[in-house]
>>> print(open('coords.cif').read())   # mmCIF, N, CA and C atoms and all ligand atoms
data_start
#
loop_
_atom_site.label_atom_id
_atom_site.label_comp_id
_atom_site.auth_asym_id
_atom_site.auth_seq_id
_atom_site.Cartn_x
_atom_site.Cartn_y
_atom_site.Cartn_z
N MET A 1 105.90 130.58 91.19
CA MET A 1 106.27 129.42 92.02
C MET A 1 105.95 128.13 91.26
N THR A 2 106.90 127.24 91.26
CA THR A 2 106.63 125.97 90.58
C THR A 2 105.95 125.00 91.54
N ILE A 3 105.25 124.08 90.94
CA ILE A 3 104.53 123.12 91.76
C ILE A 3 105.49 122.04 92.28
N ARG A 4 105.30 121.67 93.52
CA ARG A 4 106.09 120.59 94.11
C ARG A 4 105.16 119.48 94.57
N TYR A 5 105.60 118.26 94.42
CA TYR A 5 104.81 117.11 94.86
C TYR A 5 105.53 116.38 95.98
N LEU A 6 104.82 116.20 97.07
CA LEU A 6 105.41 115.50 98.22
C LEU A 6 104.56 114.28 98.52
N GLU A 7 105.21 113.19 98.86
CA GLU A 7 104.46 112.01 99.26
C GLU A 7 103.61 112.37 100.47
N ALA A 8 102.41 111.82 100.54
CA ALA A 8 101.48 112.20 101.61
C ALA A 8 101.01 110.97 102.39
N PRO A 9 101.84 110.49 103.33
CA PRO A 9 101.46 109.30 104.09
C PRO A 9 100.17 109.48 104.90
N ASP A 10 99.90 110.71 105.32
CA ASP A 10 98.65 110.95 106.08
C ASP A 10 97.44 110.72 105.19
N VAL A 11 97.54 111.17 103.95
CA VAL A 11 96.44 110.97 103.00
C VAL A 11 96.33 109.49 102.65
N LYS A 12 97.45 108.84 102.46
CA LYS A 12 97.46 107.41 102.12
C LYS A 12 96.78 106.59 103.21
N ARG A 13 97.11 106.89 104.48
CA ARG A 13 96.50 106.15 105.59
C ARG A 13 94.99 106.31 105.58
N LEU A 14 94.55 107.53 105.34
CA LEU A 14 93.12 107.81 105.35
C LEU A 14 92.43 107.13 104.16
N VAL A 15 93.05 107.19 103.01
CA VAL A 15 92.50 106.55 101.80
C VAL A 15 92.35 105.04 102.03
N ASP A 16 93.38 104.43 102.60
CA ASP A 16 93.33 102.99 102.86
C ASP A 16 92.22 102.65 103.85
N GLU A 17 92.14 103.46 104.89
CA GLU A 17 91.11 103.21 105.91
C GLU A 17 89.71 103.35 105.32
N ILE A 18 89.52 104.38 104.51
CA ILE A 18 88.21 104.60 103.90
C ILE A 18 87.85 103.44 102.98
N ALA A 19 88.81 103.03 102.15
CA ALA A 19 88.55 101.94 101.20
C ALA A 19 88.19 100.65 101.95
N ASP A 20 88.89 100.39 103.05
CA ASP A 20 88.60 99.21 103.86
C ASP A 20 87.23 99.31 104.52
N SER A 21 87.00 100.44 105.15
CA SER A 21 85.76 100.61 105.91
C SER A 21 84.52 100.56 105.02
N LEU A 22 84.66 101.06 103.80
CA LEU A 22 83.49 101.12 102.91
C LEU A 22 83.41 99.92 101.98
N ASP A 23 84.25 98.91 102.24
CA ASP A 23 84.24 97.69 101.42
C ASP A 23 84.49 97.96 99.94
N PHE A 24 85.41 98.86 99.66
CA PHE A 24 85.82 99.07 98.27
C PHE A 24 86.88 98.01 97.94
N PHE A 25 86.42 96.78 97.79
CA PHE A 25 87.36 95.66 97.62
C PHE A 25 88.15 95.76 96.32
N HIS A 26 87.60 96.50 95.38
CA HIS A 26 88.27 96.60 94.06
C HIS A 26 89.49 97.52 94.09
N VAL A 27 89.61 98.29 95.17
CA VAL A 27 90.73 99.24 95.26
C VAL A 27 91.97 98.48 95.75
N VAL A 28 92.97 98.40 94.89
CA VAL A 28 94.19 97.67 95.22
C VAL A 28 95.15 98.63 95.93
N HIS A 29 95.25 98.46 97.26
CA HIS A 29 95.97 99.46 98.06
C HIS A 29 97.37 99.77 97.56
N GLN A 30 98.09 98.71 97.20
CA GLN A 30 99.50 98.94 96.84
C GLN A 30 99.65 99.73 95.54
N PHE A 31 98.58 99.84 94.78
CA PHE A 31 98.66 100.59 93.53
C PHE A 31 97.88 101.91 93.58
N VAL A 32 97.67 102.39 94.78
CA VAL A 32 97.11 103.73 94.94
C VAL A 32 98.13 104.57 95.71
N TYR A 33 98.64 105.59 95.06
CA TYR A 33 99.64 106.46 95.65
C TYR A 33 99.00 107.79 96.01
N CYS A 34 99.50 108.41 97.05
CA CYS A 34 98.94 109.69 97.47
C CYS A 34 100.02 110.76 97.57
N TYR A 35 99.74 111.88 96.95
CA TYR A 35 100.69 112.99 96.93
C TYR A 35 100.00 114.29 97.33
N ARG A 36 100.81 115.17 97.87
CA ARG A 36 100.34 116.51 98.22
C ARG A 36 101.11 117.48 97.34
N SER A 37 100.38 118.35 96.65
CA SER A 37 101.07 119.35 95.84
C SER A 37 101.07 120.69 96.56
N VAL A 38 102.16 121.39 96.38
CA VAL A 38 102.30 122.72 96.97
C VAL A 38 102.65 123.67 95.83
N GLY A 39 101.92 124.76 95.76
CA GLY A 39 102.22 125.75 94.73
C GLY A 39 101.36 125.60 93.48
N SER A 40 100.26 124.88 93.61
CA SER A 40 99.35 124.73 92.47
C SER A 40 98.61 126.05 92.24
N LYS A 41 98.32 126.32 90.98
CA LYS A 41 97.58 127.55 90.68
C LYS A 41 96.07 127.32 90.68
N SER A 42 95.67 126.05 90.86
CA SER A 42 94.23 125.75 90.85
C SER A 42 93.50 126.53 91.93
N LYS A 43 92.44 127.19 91.51
CA LYS A 43 91.72 128.04 92.46
C LYS A 43 90.69 127.25 93.28
N HIS A 44 90.06 126.26 92.66
CA HIS A 44 88.95 125.62 93.33
C HIS A 44 89.14 124.12 93.56
N VAL A 45 90.14 123.56 92.91
CA VAL A 45 90.31 122.11 93.01
C VAL A 45 90.95 121.76 94.36
N ILE A 46 90.33 120.81 95.06
CA ILE A 46 90.85 120.37 96.36
C ILE A 46 91.73 119.15 96.18
N ALA A 47 91.31 118.29 95.27
CA ALA A 47 92.03 117.04 95.04
C ALA A 47 91.73 116.55 93.63
N ARG A 48 92.58 115.70 93.12
CA ARG A 48 92.27 115.05 91.85
C ARG A 48 92.90 113.67 91.81
N ILE A 49 92.43 112.89 90.85
CA ILE A 49 92.95 111.53 90.74
C ILE A 49 93.46 111.31 89.33
N TYR A 50 94.59 110.63 89.24
CA TYR A 50 95.20 110.30 87.95
C TYR A 50 95.20 108.78 87.83
N GLY A 51 95.01 108.30 86.63
CA GLY A 51 95.08 106.86 86.41
C GLY A 51 96.09 106.56 85.32
N LEU A 52 96.79 105.44 85.49
CA LEU A 52 97.69 105.03 84.44
C LEU A 52 96.85 104.26 83.41
N GLY A 53 96.60 104.91 82.28
CA GLY A 53 95.72 104.33 81.27
C GLY A 53 96.35 103.13 80.58
N LYS A 54 95.51 102.47 79.81
CA LYS A 54 95.88 101.20 79.21
C LYS A 54 97.16 101.27 78.36
N ILE A 55 97.27 102.30 77.55
CA ILE A 55 98.43 102.38 76.66
C ILE A 55 99.73 102.55 77.46
N TRP A 56 99.63 103.30 78.57
CA TRP A 56 100.81 103.47 79.43
C TRP A 56 101.15 102.17 80.15
N GLN A 57 100.12 101.44 80.56
CA GLN A 57 100.36 100.15 81.21
C GLN A 57 101.14 99.24 80.27
N GLU A 58 100.70 99.29 79.01
CA GLU A 58 101.32 98.46 77.99
C GLU A 58 102.78 98.89 77.75
N ALA A 59 102.94 100.17 77.49
CA ALA A 59 104.27 100.69 77.13
C ALA A 59 105.27 100.55 78.28
N LEU A 60 104.79 100.79 79.50
CA LEU A 60 105.70 100.75 80.65
C LEU A 60 105.70 99.39 81.34
N ARG A 61 104.84 98.49 80.85
CA ARG A 61 104.69 97.15 81.46
C ARG A 61 104.40 97.28 82.95
N LYS A 62 103.39 98.09 83.23
CA LYS A 62 102.98 98.31 84.62
C LYS A 62 101.51 97.94 84.76
N PRO A 63 101.12 97.58 85.98
CA PRO A 63 99.69 97.34 86.23
C PRO A 63 98.96 98.68 86.31
N PRO A 64 97.63 98.65 86.37
CA PRO A 64 96.90 99.90 86.59
C PRO A 64 97.32 100.54 87.92
N ILE A 65 97.57 101.81 87.89
CA ILE A 65 98.01 102.55 89.07
C ILE A 65 97.21 103.85 89.14
N TYR A 66 96.88 104.24 90.35
CA TYR A 66 96.21 105.53 90.53
C TYR A 66 97.03 106.41 91.47
N VAL A 67 96.96 107.69 91.22
CA VAL A 67 97.58 108.65 92.12
C VAL A 67 96.51 109.65 92.54
N ILE A 68 96.35 109.81 93.83
CA ILE A 68 95.45 110.84 94.35
C ILE A 68 96.32 112.01 94.80
N GLU A 69 96.03 113.15 94.24
CA GLU A 69 96.77 114.37 94.62
C GLU A 69 95.84 115.28 95.42
N VAL A 70 96.31 115.71 96.58
CA VAL A 70 95.56 116.75 97.30
C VAL A 70 96.33 118.05 97.13
N ILE A 71 95.59 119.11 96.95
CA ILE A 71 96.21 120.43 96.77
C ILE A 71 96.33 121.06 98.16
N SER A 72 97.56 121.13 98.63
CA SER A 72 97.84 121.55 100.01
C SER A 72 97.10 122.82 100.41
N GLU A 73 97.14 123.82 99.56
CA GLU A 73 96.55 125.13 99.88
C GLU A 73 95.05 125.03 100.18
N HIS A 74 94.39 124.02 99.62
CA HIS A 74 92.95 123.90 99.82
C HIS A 74 92.59 122.75 100.76
N TYR A 75 93.26 121.64 100.58
CA TYR A 75 92.93 120.44 101.35
C TYR A 75 93.30 120.59 102.83
N ASP A 76 94.47 121.11 103.08
CA ASP A 76 94.99 121.11 104.44
C ASP A 76 94.17 121.92 105.43
N LYS A 77 93.45 122.88 104.95
CA LYS A 77 92.66 123.70 105.88
C LYS A 77 91.24 123.17 106.11
N LEU A 78 90.90 122.09 105.43
CA LEU A 78 89.57 121.50 105.61
C LEU A 78 89.46 120.79 106.97
N SER A 79 88.23 120.63 107.44
CA SER A 79 87.99 119.82 108.64
C SER A 79 88.23 118.35 108.29
N ASP A 80 88.42 117.52 109.30
CA ASP A 80 88.62 116.09 109.05
C ASP A 80 87.48 115.52 108.21
N GLU A 81 86.29 115.94 108.56
CA GLU A 81 85.11 115.45 107.87
C GLU A 81 85.15 115.79 106.38
N GLU A 82 85.51 117.03 106.08
CA GLU A 82 85.57 117.45 104.67
C GLU A 82 86.71 116.75 103.94
N LYS A 83 87.80 116.50 104.65
CA LYS A 83 88.90 115.74 104.04
C LYS A 83 88.43 114.35 103.65
N GLU A 84 87.71 113.71 104.57
CA GLU A 84 87.22 112.36 104.31
C GLU A 84 86.28 112.34 103.11
N LYS A 85 85.41 113.32 103.06
CA LYS A 85 84.46 113.38 101.93
C LYS A 85 85.20 113.62 100.62
N THR A 86 86.23 114.43 100.68
CA THR A 86 87.03 114.69 99.48
C THR A 86 87.66 113.40 98.97
N LEU A 87 88.18 112.61 99.90
CA LEU A 87 88.85 111.37 99.49
C LEU A 87 87.84 110.31 99.04
N ILE A 88 86.67 110.29 99.67
CA ILE A 88 85.61 109.39 99.20
C ILE A 88 85.27 109.74 97.76
N HIS A 89 85.14 111.02 97.48
CA HIS A 89 84.86 111.48 96.12
C HIS A 89 85.91 110.94 95.13
N GLU A 90 87.17 111.10 95.48
CA GLU A 90 88.22 110.65 94.55
C GLU A 90 88.18 109.13 94.38
N LEU A 91 87.95 108.41 95.49
CA LEU A 91 87.90 106.95 95.39
C LEU A 91 86.74 106.48 94.52
N LEU A 92 85.65 107.24 94.52
CA LEU A 92 84.51 106.85 93.70
C LEU A 92 84.83 106.93 92.20
N HIS A 93 85.86 107.66 91.84
CA HIS A 93 86.25 107.73 90.43
C HIS A 93 86.91 106.44 89.94
N ILE A 94 87.35 105.61 90.89
CA ILE A 94 88.00 104.35 90.49
C ILE A 94 86.91 103.33 90.14
N PRO A 95 86.91 102.83 88.93
CA PRO A 95 85.87 101.89 88.53
C PRO A 95 86.07 100.52 89.18
N LYS A 96 85.01 99.74 89.21
CA LYS A 96 85.03 98.41 89.84
C LYS A 96 86.15 97.53 89.29
N GLY A 97 86.48 97.71 88.03
CA GLY A 97 87.50 96.87 87.43
C GLY A 97 88.93 97.31 87.72
N PHE A 98 89.11 98.44 88.41
CA PHE A 98 90.44 98.98 88.71
C PHE A 98 91.30 98.95 87.45
N SER A 99 90.78 99.53 86.39
CA SER A 99 91.36 99.40 85.05
C SER A 99 92.43 100.44 84.75
N GLY A 100 92.48 101.47 85.56
CA GLY A 100 93.34 102.61 85.23
C GLY A 100 92.52 103.75 84.65
N GLY A 101 91.28 103.46 84.30
CA GLY A 101 90.36 104.48 83.79
C GLY A 101 89.54 105.07 84.92
N PHE A 102 88.51 105.81 84.55
CA PHE A 102 87.72 106.53 85.56
C PHE A 102 86.24 106.32 85.39
N ARG A 103 85.55 106.47 86.49
CA ARG A 103 84.11 106.58 86.46
C ARG A 103 83.77 108.06 86.47
N PRO A 104 82.88 108.49 85.60
CA PRO A 104 82.54 109.92 85.54
C PRO A 104 81.58 110.32 86.67
N HIS A 105 81.44 111.60 86.88
CA HIS A 105 80.51 112.09 87.90
C HIS A 105 79.07 111.71 87.58
N LYS A 106 78.73 111.91 86.34
CA LYS A 106 77.34 111.84 85.91
C LYS A 106 76.68 110.53 86.34
N GLY A 107 75.63 110.66 87.12
CA GLY A 107 74.88 109.50 87.54
C GLY A 107 75.56 108.65 88.61
N TYR A 108 76.74 109.01 89.02
CA TYR A 108 77.40 108.18 90.02
C TYR A 108 77.95 108.93 91.22
N ILE A 109 78.71 109.96 90.95
CA ILE A 109 79.31 110.69 92.06
C ILE A 109 78.45 111.91 92.37
N SER A 110 77.79 111.86 93.51
CA SER A 110 76.92 112.97 93.88
C SER A 110 77.13 113.30 95.35
N ARG A 111 76.72 114.50 95.73
CA ARG A 111 76.77 114.93 97.13
C ARG A 111 76.10 113.89 98.01
N LYS A 112 74.93 113.45 97.53
CA LYS A 112 74.10 112.54 98.30
C LYS A 112 74.83 111.22 98.56
N ARG A 113 75.42 110.67 97.51
CA ARG A 113 76.13 109.40 97.67
C ARG A 113 77.33 109.56 98.62
N ILE A 114 78.03 110.66 98.47
CA ILE A 114 79.19 110.90 99.32
C ILE A 114 78.77 111.05 100.78
N GLU A 115 77.68 111.79 101.02
CA GLU A 115 77.17 111.95 102.38
C GLU A 115 76.82 110.60 103.00
N LYS A 116 76.17 109.78 102.21
CA LYS A 116 75.73 108.48 102.68
C LYS A 116 76.92 107.59 103.05
N LEU A 117 77.90 107.58 102.18
CA LEU A 117 79.10 106.78 102.44
C LEU A 117 79.87 107.32 103.65
N HIS A 118 79.85 108.64 103.79
CA HIS A 118 80.55 109.22 104.93
C HIS A 118 79.88 108.84 106.24
N GLN A 119 78.56 108.84 106.24
CA GLN A 119 77.81 108.40 107.42
C GLN A 119 78.18 106.96 107.78
N LEU A 120 78.26 106.13 106.76
CA LEU A 120 78.61 104.73 106.95
C LEU A 120 80.03 104.61 107.53
N LEU A 121 80.92 105.42 107.02
CA LEU A 121 82.31 105.42 107.52
C LEU A 121 82.33 105.74 109.01
N LEU A 122 81.60 106.77 109.41
CA LEU A 122 81.56 107.17 110.82
C LEU A 122 80.98 106.07 111.68
N LYS A 123 79.93 105.45 111.16
CA LYS A 123 79.25 104.40 111.90
C LYS A 123 80.18 103.20 112.11
N ARG A 124 80.86 102.82 111.04
CA ARG A 124 81.74 101.65 111.13
C ARG A 124 82.93 101.92 112.03
N ARG A 125 83.38 103.16 112.01
CA ARG A 125 84.49 103.55 112.89
C ARG A 125 84.10 103.34 114.35
N THR A 126 82.91 103.80 114.70
CA THR A 126 82.44 103.69 116.08
C THR A 126 82.30 102.22 116.45
N THR A 127 81.75 101.43 115.52
CA THR A 127 81.56 100.03 115.78
C THR A 127 82.88 99.31 115.99
N ASN A 128 83.90 99.78 115.28
CA ASN A 128 85.20 99.11 115.36
C ASN A 128 86.06 99.57 116.54
N LEU A 129 85.55 100.55 117.25
CA LEU A 129 86.34 101.08 118.37
C LEU A 129 86.59 100.00 119.40
N LYS A 130 87.84 99.85 119.74
CA LYS A 130 88.19 98.88 120.78
C LYS A 130 88.49 99.64 122.06
N VAL A 131 87.86 99.18 123.14
CA VAL A 131 88.10 99.88 124.42
C VAL A 131 89.07 99.07 125.26
ZN ZN B 1 85.32 114.21 90.75
#
>>> encode(input="coords.cif", output="structure tokens", more="lines below")
Ligand SMILES: [Zn+2]
Amino acid sequence: MTIRYLEAPDVKRLVDEIADSLDFFHVVHQFVYCYRSVGSKSKHVIARIYGLGKIWQEALRKPPIYVIEVISEHYDKLSDEEKEKTLIHELLHIPKGFSGGFRPHKGYISRKRIEKLHQLLLKRRTTNLKV
């Protein structure tokens, strides 16, 4: 089976909401695209992020762009909470400069940091609830 990529507006909405709620001001919404892949052979990967690196920006005359891909077979069966944590993880790979490059896991992306940010997300959601 070949891999297919479908635009994922549900993922995009969630990514935008997370970035807003967690004050990730460096994340430029219009240059973050979200896709869902179907038919990936990846056994353990739930999601990944791609960046348009500097040389591509130059050659294509494009600004830095990121694509977040969720792997349908793994992502779709997760609970909402796990989906949110997955997307927080991917967003943490985007460096403050929104350069098209990545921040590595080491020393930055950890279970603990993701848990903490997720708690904050839940808290801010409740606070923002309009009755
Ligand atoms: Zn990662």
>>> residues_near_ligand(input="coords.cif", ligand="ligand ZN 1 (chain B)", cutoff="8 Å", atoms="only C-alpha atoms and all ligand atoms", output="list in words")
Arg48, His89, Glu90, Leu92, His93, Pro104, His105 and Ile109 of chain A
>>> closest_residue(input="coords.cif", among="A:Glu115, A:Ile65, A:Glu17, A:Asp76", to="Gly51 (chain A)", atoms="all atoms listed in the file")
A:Ile65
>>> select_by_dssp(input="coords.cif", residues="chain A", states="strand (DSSP E or B)", output="ChimeraX atom specification")
/A:4-7,32-38,47-51,66-71
>>> closest_residue(input="coords.cif", among="A:Pro95, A:Lys85, A:His26, A:Lys123", to="Arg111 (chain A)", atoms="only C-alpha atoms")
A:Lys85
>>> residues_around(input="coords.cif", residues="Leu78 (chain A)", least_positions_apart="6", cutoff="12 Å", atoms="only C-alpha atoms", output="ChimeraX atom specification")
/A:46-47,70-72,84-87
>>> closest_residue(input="coords.cif", among="A:Arg13, A:Ile94, A:His29, A:Glu69", to="Tyr50 (chain A)", atoms="only N, CA and C atoms")
A:Glu69
>>> atom_distance(input="coords.cif", atom1="atom C of Cys34 (chain A)", atom2="CA of Tyr75 (chain A)")
12.6 Å
>>> select_by_dssp(input="coords.cif", residues="chain A", states="helix (DSSP H, G or I)", output="PyMOL selection string")
chain A and resi 9-21+29-31+54-60+72-75+80-92+111-128
>>> closest_residue(input="coords.cif", among="A:Ile68, A:Arg113, A:Leu121, A:Glu81", to="Leu22 (chain A)", atoms="all atoms listed in the file")
A:Leu121
>>> atom_distance(input="coords.cif", atom1="atom C of His74 (chain A)", atom2="atom N of Ser42 (chain A)")
10.9 Å
>>> axis_aligned_box(input="coords.cif", around="region 86-99 of chain A", padding_each_side="5 Å", output="AutoDock Vina command-line options")
--center_x 88.5 --center_y 105.8 --center_z 92.7 --size_x 17.9 --size_y 27.8 --size_z 25.9
>>> atom_distance(input="coords.cif", atom1="atom C of Arg36 (chain A)", atom2="atom N of Lys62 (chain A)")
24.1 Å
>>> residues_around(input="coords.cif", residues="Ala8 (chain A)", least_positions_apart="3", cutoff="8 Å", atoms="only N, CA and C atoms", output="list in words")
Tyr5, Val11, Lys12, Arg13, Leu14, Tyr33, Cys34, Tyr35, Arg36 and Ser37 of chain A
>>> write_last_selection(input="coords.cif", atoms="N, CA and C atoms", output="compact mmCIF listing (two decimals), in the frame of the given file")
# COMPACT_ATOMS: atom_id res chain seq x y z
N TYR A 5 105.60 118.26 94.42
CA TYR A 5 104.81 117.11 94.86
C TYR A 5 105.53 116.38 95.98
N VAL A 11 97.54 111.17 103.95
CA VAL A 11 96.44 110.97 103.00
C VAL A 11 96.33 109.49 102.65
N LYS A 12 97.45 108.84 102.46
CA LYS A 12 97.46 107.41 102.12
C LYS A 12 96.78 106.59 103.21
N ARG A 13 97.11 106.89 104.48
CA ARG A 13 96.50 106.15 105.59
C ARG A 13 94.99 106.31 105.58
N LEU A 14 94.55 107.53 105.34
CA LEU A 14 93.12 107.81 105.35
C LEU A 14 92.43 107.13 104.16
N TYR A 33 98.64 105.59 95.06
CA TYR A 33 99.64 106.46 95.65
C TYR A 33 99.00 107.79 96.01
N CYS A 34 99.50 108.41 97.05
CA CYS A 34 98.94 109.69 97.47
C CYS A 34 100.02 110.76 97.57
N TYR A 35 99.74 111.88 96.95
CA TYR A 35 100.69 112.99 96.93
C TYR A 35 100.00 114.29 97.33
N ARG A 36 100.81 115.17 97.87
CA ARG A 36 100.34 116.51 98.22
C ARG A 36 101.11 117.48 97.34
N SER A 37 100.38 118.35 96.65
CA SER A 37 101.07 119.35 95.84
C SER A 37 101.07 120.69 96.56
>>> closest_residue(input="coords.cif", among="A:Leu60, A:Ile55, A:Ile3, A:Val15", to="Val32 (chain A)", atoms="only C-alpha atoms")
A:Val15
>>> closest_residue(input="coords.cif", among="A:Lys54, A:Lys77, A:Arg4, A:Lys112", to="Gly100 (chain A)", atoms="only C-alpha atoms")
A:Lys54
>>> decode(input="coords.cif", residues="region 91-109 of chain A", atoms="N, CA, C and O atoms", output="compact mmCIF listing (two decimals), in the first residue's frame")
# COMPACT_ATOMS: atom_id res chain seq x y z
N LEU A 91 5.16 20.61 18.37
CA LEU A 91 5.34 22.07 18.40
C LEU A 91 6.63 22.47 19.12
O LEU A 91 7.25 23.48 18.76
N LEU A 92 7.02 21.68 20.10
CA LEU A 92 8.26 22.00 20.83
C LEU A 92 9.49 21.87 19.93
O LEU A 92 10.54 22.43 20.23
N HIS A 93 9.38 21.16 18.84
CA HIS A 93 10.51 21.03 17.92
C HIS A 93 10.76 22.32 17.12
O HIS A 93 11.81 22.49 16.52
N ILE A 94 9.75 23.20 17.11
CA ILE A 94 9.92 24.47 16.37
C ILE A 94 10.72 25.44 17.23
O ILE A 94 10.29 25.79 18.33
N PRO A 95 11.86 25.89 16.75
CA PRO A 95 12.68 26.78 17.56
C PRO A 95 12.07 28.18 17.65
O PRO A 95 11.22 28.56 16.84
N LYS A 96 12.51 28.94 18.64
CA LYS A 96 11.99 30.28 18.88
C LYS A 96 12.09 31.17 17.65
O LYS A 96 11.25 32.02 17.42
N GLY A 97 13.10 30.96 16.84
CA GLY A 97 13.29 31.80 15.67
C GLY A 97 12.43 31.41 14.47
O GLY A 97 12.48 32.07 13.45
N PHE A 98 11.67 30.32 14.58
CA PHE A 98 10.84 29.83 13.47
C PHE A 98 11.66 29.83 12.18
O PHE A 98 11.26 30.38 11.15
N SER A 99 12.80 29.19 12.23
CA SER A 99 13.80 29.28 11.16
C SER A 99 13.60 28.26 10.05
O SER A 99 14.23 28.35 9.00
N GLY A 100 12.79 27.26 10.32
CA GLY A 100 12.69 26.14 9.39
C GLY A 100 13.49 24.95 9.89
O GLY A 100 13.37 23.84 9.38
N GLY A 101 14.32 25.19 10.89
CA GLY A 101 15.10 24.13 11.53
C GLY A 101 14.37 23.56 12.72
O GLY A 101 13.19 23.84 12.94
N PHE A 102 15.08 22.78 13.51
CA PHE A 102 14.44 22.08 14.63
C PHE A 102 15.19 22.24 15.93
O PHE A 102 16.40 22.40 15.93
N ARG A 103 14.46 22.12 16.99
CA ARG A 103 15.06 21.97 18.30
C ARG A 103 15.10 20.48 18.60
O ARG A 103 14.12 19.78 18.37
N PRO A 104 16.24 19.99 19.06
CA PRO A 104 16.36 18.54 19.34
C PRO A 104 15.69 18.16 20.67
O PRO A 104 15.34 19.03 21.47
N HIS A 105 15.49 16.89 20.87
CA HIS A 105 14.90 16.42 22.12
C HIS A 105 15.78 16.74 23.32
O HIS A 105 15.32 17.17 24.35
N LYS A 106 17.05 16.48 23.13
CA LYS A 106 18.00 16.49 24.24
C LYS A 106 17.94 17.80 25.03
O LYS A 106 18.15 18.88 24.48
N GLY A 107 17.63 17.67 26.30
CA GLY A 107 17.61 18.84 27.16
C GLY A 107 16.40 19.75 26.98
O GLY A 107 16.26 20.74 27.65
N TYR A 108 15.53 19.44 26.05
CA TYR A 108 14.39 20.33 25.86
C TYR A 108 13.04 19.64 25.83
O TYR A 108 12.11 20.04 26.53
N ILE A 109 12.93 18.62 25.01
CA ILE A 109 11.63 17.95 24.91
C ILE A 109 11.64 16.73 25.80
O ILE A 109 12.36 15.77 25.54
